[in-house]
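A.B. asks: Sharing coords14.cif here; it has mmCIF, C-alpha atoms.
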data_input
loop_
_atom_site.label_atom_id
_atom_site.label_comp_id
_atom_site.auth_asym_id
_atom_site.auth_seq_id
_atom_site.Cartn_x
_atom_site.Cartn_y
_atom_site.Cartn_z
CA MET A 235 -121.73 -129.04 -18.87
CA THR A 236 -118.87 -126.55 -18.76
CA SER A 237 -115.66 -128.01 -17.33
CA PHE A 238 -113.03 -126.05 -15.41
CA PRO A 239 -109.26 -126.58 -15.47
CA ARG A 240 -107.81 -128.50 -12.55
CA TRP A 241 -105.63 -125.56 -11.61
CA LEU A 242 -108.77 -123.44 -11.14
CA TRP A 243 -110.39 -125.99 -8.83
CA ALA A 244 -107.15 -126.19 -6.86
CA GLY A 245 -107.12 -122.42 -6.50
CA VAL A 246 -110.71 -122.33 -5.27
CA ALA A 247 -109.99 -125.08 -2.75
CA GLY A 248 -106.97 -123.18 -1.50
CA VAL A 249 -109.02 -120.03 -1.00
CA LEU A 250 -111.63 -121.96 0.96
CA ILE A 251 -108.99 -123.52 3.20
CA VAL A 252 -107.42 -120.14 3.91
CA ALA A 253 -110.84 -118.61 4.60
CA ALA A 254 -111.65 -121.38 7.05
CA ALA A 255 -108.34 -120.91 8.83
CA VAL A 256 -108.91 -117.16 9.10
CA ALA A 257 -112.39 -117.77 10.51
CA VAL A 258 -110.96 -119.99 13.21
CA LEU A 259 -108.28 -117.46 14.11
CA VAL A 260 -110.74 -114.57 14.22
CA GLY A 261 -113.23 -116.52 16.26
CA GLY A 262 -110.53 -117.77 18.57
CA GLY A 263 -112.20 -121.15 18.70
CA GLY A 264 -110.81 -124.62 18.93
CA THR A 265 -111.94 -128.20 19.02
CA VAL A 266 -113.41 -130.22 21.85
CA LYS A 267 -111.19 -133.21 22.53
CA PRO A 268 -112.74 -136.65 23.05
CA GLY A 269 -113.72 -137.08 26.68
CA GLN A 270 -113.37 -133.36 27.35
CA VAL A 271 -115.92 -131.73 29.67
CA GLU A 272 -116.96 -128.23 28.63
CA ILE A 273 -120.27 -128.10 30.53
CA ALA A 274 -120.60 -130.16 33.70
CA SER A 275 -123.64 -132.26 34.42
CA ARG A 276 -123.36 -131.47 38.11
CA VAL A 277 -121.52 -129.27 40.62
CA ARG A 278 -122.09 -129.95 44.32
CA VAL A 279 -122.30 -126.95 46.63
CA GLY A 280 -121.48 -127.31 50.32
CA GLY A 281 -122.74 -124.61 52.65
CA ALA A 282 -124.97 -121.60 52.10
CA ALA A 283 -124.92 -119.69 48.82
CA LEU A 284 -123.60 -116.14 48.93
CA PRO A 285 -125.85 -113.17 48.09
CA THR A 286 -125.40 -111.61 44.67
CA LEU A 287 -122.75 -108.89 44.62
CA PRO A 288 -124.60 -105.53 44.48
CA ALA A 289 -123.74 -102.93 41.87
CA SER A 290 -122.75 -100.46 44.60
CA GLY A 291 -122.45 -100.19 48.35
CA ALA A 292 -121.15 -102.65 50.90
CA ASP A 293 -120.78 -106.28 49.92
CA PRO A 294 -123.06 -108.36 52.21
CA ALA A 295 -120.95 -111.49 51.57
CA VAL A 296 -117.77 -110.15 53.19
CA GLY A 297 -117.12 -112.18 56.34
CA GLU A 298 -119.44 -114.99 55.24
CA VAL A 299 -118.12 -118.52 54.79
CA ALA A 300 -117.52 -119.24 51.11
CA PRO A 301 -119.36 -122.36 49.94
CA THR A 302 -117.40 -125.40 48.85
CA LEU A 303 -117.64 -126.36 45.18
CA THR A 304 -117.05 -129.93 44.07
CA GLY A 305 -117.02 -130.96 40.45
CA VAL A 306 -114.63 -131.81 37.64
CA THR A 307 -111.96 -130.21 35.47
CA PHE A 308 -112.00 -130.06 31.68
CA SER A 309 -110.34 -133.47 31.63
CA GLY A 310 -112.99 -134.93 33.92
CA LYS A 311 -110.78 -135.17 37.00
CA PRO A 312 -112.37 -134.39 40.39
CA LEU A 313 -111.76 -130.88 41.76
CA SER A 314 -112.89 -129.24 44.98
CA ILE A 315 -112.67 -125.54 45.83
CA GLY A 316 -112.83 -124.52 49.49
CA ASN A 317 -111.71 -125.59 52.96
CA LEU A 318 -108.06 -124.99 52.06
CA GLY A 319 -106.89 -123.55 55.36
CA GLU A 320 -105.18 -120.76 53.43
CA ALA A 321 -106.20 -117.69 51.50
CA HIS A 322 -107.16 -118.24 47.86
CA ALA A 323 -109.01 -116.69 44.94
CA VAL A 324 -111.75 -117.98 42.68
CA VAL A 325 -111.99 -116.48 39.19
CA PHE A 326 -115.23 -116.95 37.23
CA VAL A 327 -114.93 -116.42 33.47
CA ALA A 328 -117.05 -116.95 30.36
CA HIS A 329 -115.27 -117.76 27.09
CA TRP A 330 -117.36 -115.32 25.01
CA CYS A 331 -116.91 -112.37 27.42
CA PRO A 332 -114.49 -109.74 26.01
CA HIS A 333 -113.72 -108.45 29.50
CA CYS A 334 -112.77 -111.96 30.60
CA GLN A 335 -110.55 -112.25 27.54
CA ALA A 336 -108.80 -109.05 28.69
CA GLU A 337 -108.59 -109.99 32.38
CA VAL A 338 -107.29 -113.55 32.12
CA PRO A 339 -103.95 -112.57 30.48
CA ARG A 340 -103.41 -110.02 33.26
CA ILE A 341 -103.72 -112.74 35.88
CA VAL A 342 -101.38 -114.96 33.86
CA ALA A 343 -98.83 -112.13 33.63
CA LEU A 344 -99.00 -111.43 37.37
CA THR A 345 -98.45 -115.13 38.06
CA GLU A 346 -95.41 -115.20 35.80
CA ALA A 347 -94.09 -112.11 37.61
CA ASP A 348 -94.51 -113.94 40.97
CA GLN A 349 -97.04 -111.38 42.18
CA ILE A 350 -99.72 -113.96 43.02
CA ARG A 351 -98.70 -116.07 45.99
CA VAL A 352 -101.95 -117.77 46.91
CA PRO A 353 -103.81 -120.65 45.24
CA VAL A 354 -106.10 -119.56 42.43
CA PHE A 355 -108.96 -121.53 40.93
CA GLY A 356 -110.74 -120.79 37.69
CA VAL A 357 -114.41 -121.55 37.06
CA ALA A 358 -115.51 -121.82 33.44
CA THR A 359 -119.13 -120.73 33.47
CA GLY A 360 -121.72 -119.26 31.12
CA THR A 361 -120.49 -121.70 28.48
CA ASP A 362 -122.34 -121.63 25.15
CA SER A 363 -121.21 -123.79 22.23
CA ALA A 364 -122.86 -121.35 19.80
CA ALA A 365 -121.00 -118.32 21.20
CA PRO A 366 -117.57 -117.02 20.10
CA ASN A 367 -114.29 -118.38 21.43
CA TYR A 368 -115.72 -121.82 22.24
CA PRO A 369 -114.58 -124.12 23.78
CA PRO A 370 -113.33 -122.54 27.01
CA SER A 371 -110.74 -125.29 27.52
CA ALA A 372 -108.98 -124.37 24.28
CA TRP A 373 -109.09 -120.65 25.07
CA LEU A 374 -107.61 -121.01 28.56
CA THR A 375 -104.92 -123.36 27.28
CA ARG A 376 -104.06 -120.95 24.48
CA VAL A 377 -103.55 -118.00 26.85
CA GLY A 378 -101.48 -120.06 29.28
CA TRP A 379 -103.86 -120.18 32.25
CA PRO A 380 -101.79 -122.01 34.90
CA TYR A 381 -104.42 -122.84 37.51
CA PRO A 382 -107.00 -125.62 38.00
CA VAL A 383 -110.38 -124.95 36.40
CA LEU A 384 -113.73 -126.20 37.64
CA VAL A 385 -116.34 -126.69 34.90
CA ASP A 386 -119.71 -125.17 35.78
CA THR A 387 -123.13 -126.52 34.82
CA ALA A 388 -125.38 -125.04 32.14
CA ALA A 389 -127.46 -123.50 34.91
CA GLY A 390 -124.40 -121.84 36.47
CA THR A 391 -124.54 -123.74 39.76
CA ALA A 392 -121.08 -122.61 40.90
CA ALA A 393 -121.54 -119.03 39.73
CA ASN A 394 -124.89 -118.71 41.49
CA ALA A 395 -123.46 -120.15 44.71
CA TYR A 396 -120.87 -117.37 44.81
CA GLY A 397 -123.30 -114.59 43.87
CA LEU A 398 -121.99 -113.75 40.41
CA PRO A 399 -123.64 -110.64 38.89
CA SER A 400 -121.56 -110.34 35.70
CA TYR A 401 -118.26 -111.45 34.12
CA PRO A 402 -115.41 -111.58 35.01
CA PHE A 403 -116.04 -112.21 38.70
CA LEU A 404 -113.25 -112.53 41.26
CA VAL A 405 -113.83 -113.79 44.79
CA PHE A 406 -111.08 -113.54 47.41
CA VAL A 407 -111.27 -115.89 50.40
CA ASP A 408 -109.18 -115.61 53.58
CA ALA A 409 -107.39 -118.39 55.46
CA GLN A 410 -110.48 -118.99 57.61
CA GLY A 411 -112.57 -119.69 54.52
CA ARG A 412 -114.49 -116.42 54.71
CA VAL A 413 -115.05 -113.98 51.88
CA ALA A 414 -112.52 -111.16 52.07
CA GLY A 415 -113.87 -109.35 49.02
CA ARG A 416 -115.51 -109.72 45.62
CA VAL A 417 -115.25 -107.72 42.43
CA SER A 418 -116.96 -108.00 39.05
CA GLY A 419 -115.45 -106.47 35.92
CA GLU A 420 -111.98 -105.75 34.64
CA VAL A 421 -109.36 -104.89 37.26
CA ALA A 422 -106.13 -103.16 36.28
CA PRO A 423 -102.89 -105.13 36.81
CA ALA A 424 -101.56 -102.76 39.48
CA ASP A 425 -104.83 -103.02 41.41
CA LEU A 426 -104.82 -106.81 41.10
CA ALA A 427 -101.29 -106.96 42.47
CA GLN A 428 -102.30 -104.84 45.48
CA ILE A 429 -105.35 -107.01 46.16
CA PHE A 430 -103.34 -110.23 46.11
CA ALA A 431 -100.65 -108.68 48.32
CA ALA A 432 -103.28 -107.62 50.86
CA LEU A 433 -104.86 -111.08 50.76
CA VAL A 434 -101.53 -112.74 51.59
CA ALA A 435 -100.94 -110.27 54.42
CA ALA A 436 -104.49 -110.70 55.78
CA ARG A 437 -105.16 -106.98 55.38
CA PRO A 438 -108.43 -105.41 54.18
CA LEU A 439 -108.55 -105.65 50.41
CA PRO A 440 -108.16 -102.40 48.44
CA LEU A 441 -110.94 -103.19 45.97
CA PRO A 442 -110.99 -100.61 43.15
CA GLY A 443 -113.61 -99.58 40.67
CA VAL A 444 -113.85 -101.68 37.51
CA SER A 445 -113.59 -100.70 33.86
CA GLY A 446 -116.08 -103.07 32.29
CA ALA A 447 -118.10 -106.24 32.74
CA SER A 448 -120.29 -108.51 30.63
CA SER A 449 -123.78 -109.26 31.85
CA THR A 450 -124.96 -112.82 32.26
CA ARG A 451 -127.13 -114.32 29.50
#
Could you spell out this file's structure in structure tokens?

C.D. replies:
Amino acid sequence: MTSFPRWLWAGVAGVLIVAAAVAVLVGGGGTVKPGQVEIASRVRVGGAALPTLPASGADPAVGEVAPTLTGVTFSGKPLSIGNLGEAHAVVFVAHWCPHCQAEVPRIVALTEADQIRVPVFGVATGTDSAAPNYPPSAWLTRVGWPYPVLVDTAAGTAANAYGLPSYPFLVFVDAQGRVAGRVSGEVAPADLAQIFAALVAARPLPLPGVSGASSTR
């Protein structure tokens, strides 16, 4: 059997390590920590589910009471969304969705610029361990997402309750717990800032057109 010098084996090993590191960086993935919840076994829904947001025309959910969602965070801690007594937003994202990957940093930047002055909740949905950028917990930590995140079930219980048609999906709820507006797809930073300002002021939301969305799987 032909033998190879030790320096050659060391070089091959180094190449493999670098290749693996590059693959991780390109894929944007991470590791699931022990005890971490990436897909919830259950999400409880209180109240009636909202109709799916139509592709065009008036949103039939505006003015309807937003259902309450009760589940857990990535760390397994209990989390409930709804019945806050103040305006808030719920942001549904899928880790593999390129439009979500573009939209999330915009929301982070607006928060850092103090242009979001209502509670915001994330919902990690559409999770697929075989899809890129898994797990969602690592992705959202990496981009500095500052808000609580509810983990959805494999069946998308939370997403279906809010009428999600595609990703990303933003739902704005007024202080009375009623839907003020919903939008699916990428929203420009300036438009997002105007929407959040209108939500705080209890004015009609200036919902714009969107630049792209990822369909559900």

A.B. asks: Tell me which of A:Tyr381, A:His329, A:Pro285, A:Gly305 sits closest to Glu346 of chain A, counting only C-alpha atoms.

C.D. replies: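 Ranking A:Tyr381, A:His329, A:Pro285, A:Gly305 by distance to Glu346 of chain A, first place goes to A:Tyr381.
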
A.B. asks: Since I can't run it myself right now, could you work out what the PyMOL selection byres ((chain A and resi 427) around 10) selects here and report it as JSON, numbers by chain?

C.D. replies: {"A": [340, 341, 344, 345, 348, 349, 350, 421, 422, 423, 424, 425, 426, 428, 429, 430, 431, 432, 433]}

A.B. asks: Can you list, as a list in words, the residues that the PyMOL selection byres ((chain A and resi 293) around 12) selects here?

C.D. replies: Leu284, Pro285, Thr286, Leu287, Pro288, Ala289, Ser290, Gly291, Ala292, Pro294, Ala295, Val296, Gly297, Glu298, Gly397, Val405, Val413, Ala414, Gly415, Arg416, Val417, Ser418 and Leu441 of chain A

A.B. asks: Within 7 Å of (-108.1, -129.0, 39.2), all atoms listed in the file: residues as a PyMOL selection string?

C.D. replies: chain A and resi 307+312-313+382-384

A.B. asks: Could you work out how far atom CA of Asp408 of chain A lies from atom CA of Ser275 of chain A, giving the answer in Å with one decimal?

C.D. replies: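 About the pair atom CA of Ser275 of chain A and atom CA of Asp408 of chain A: they are 29.2 Å apart.
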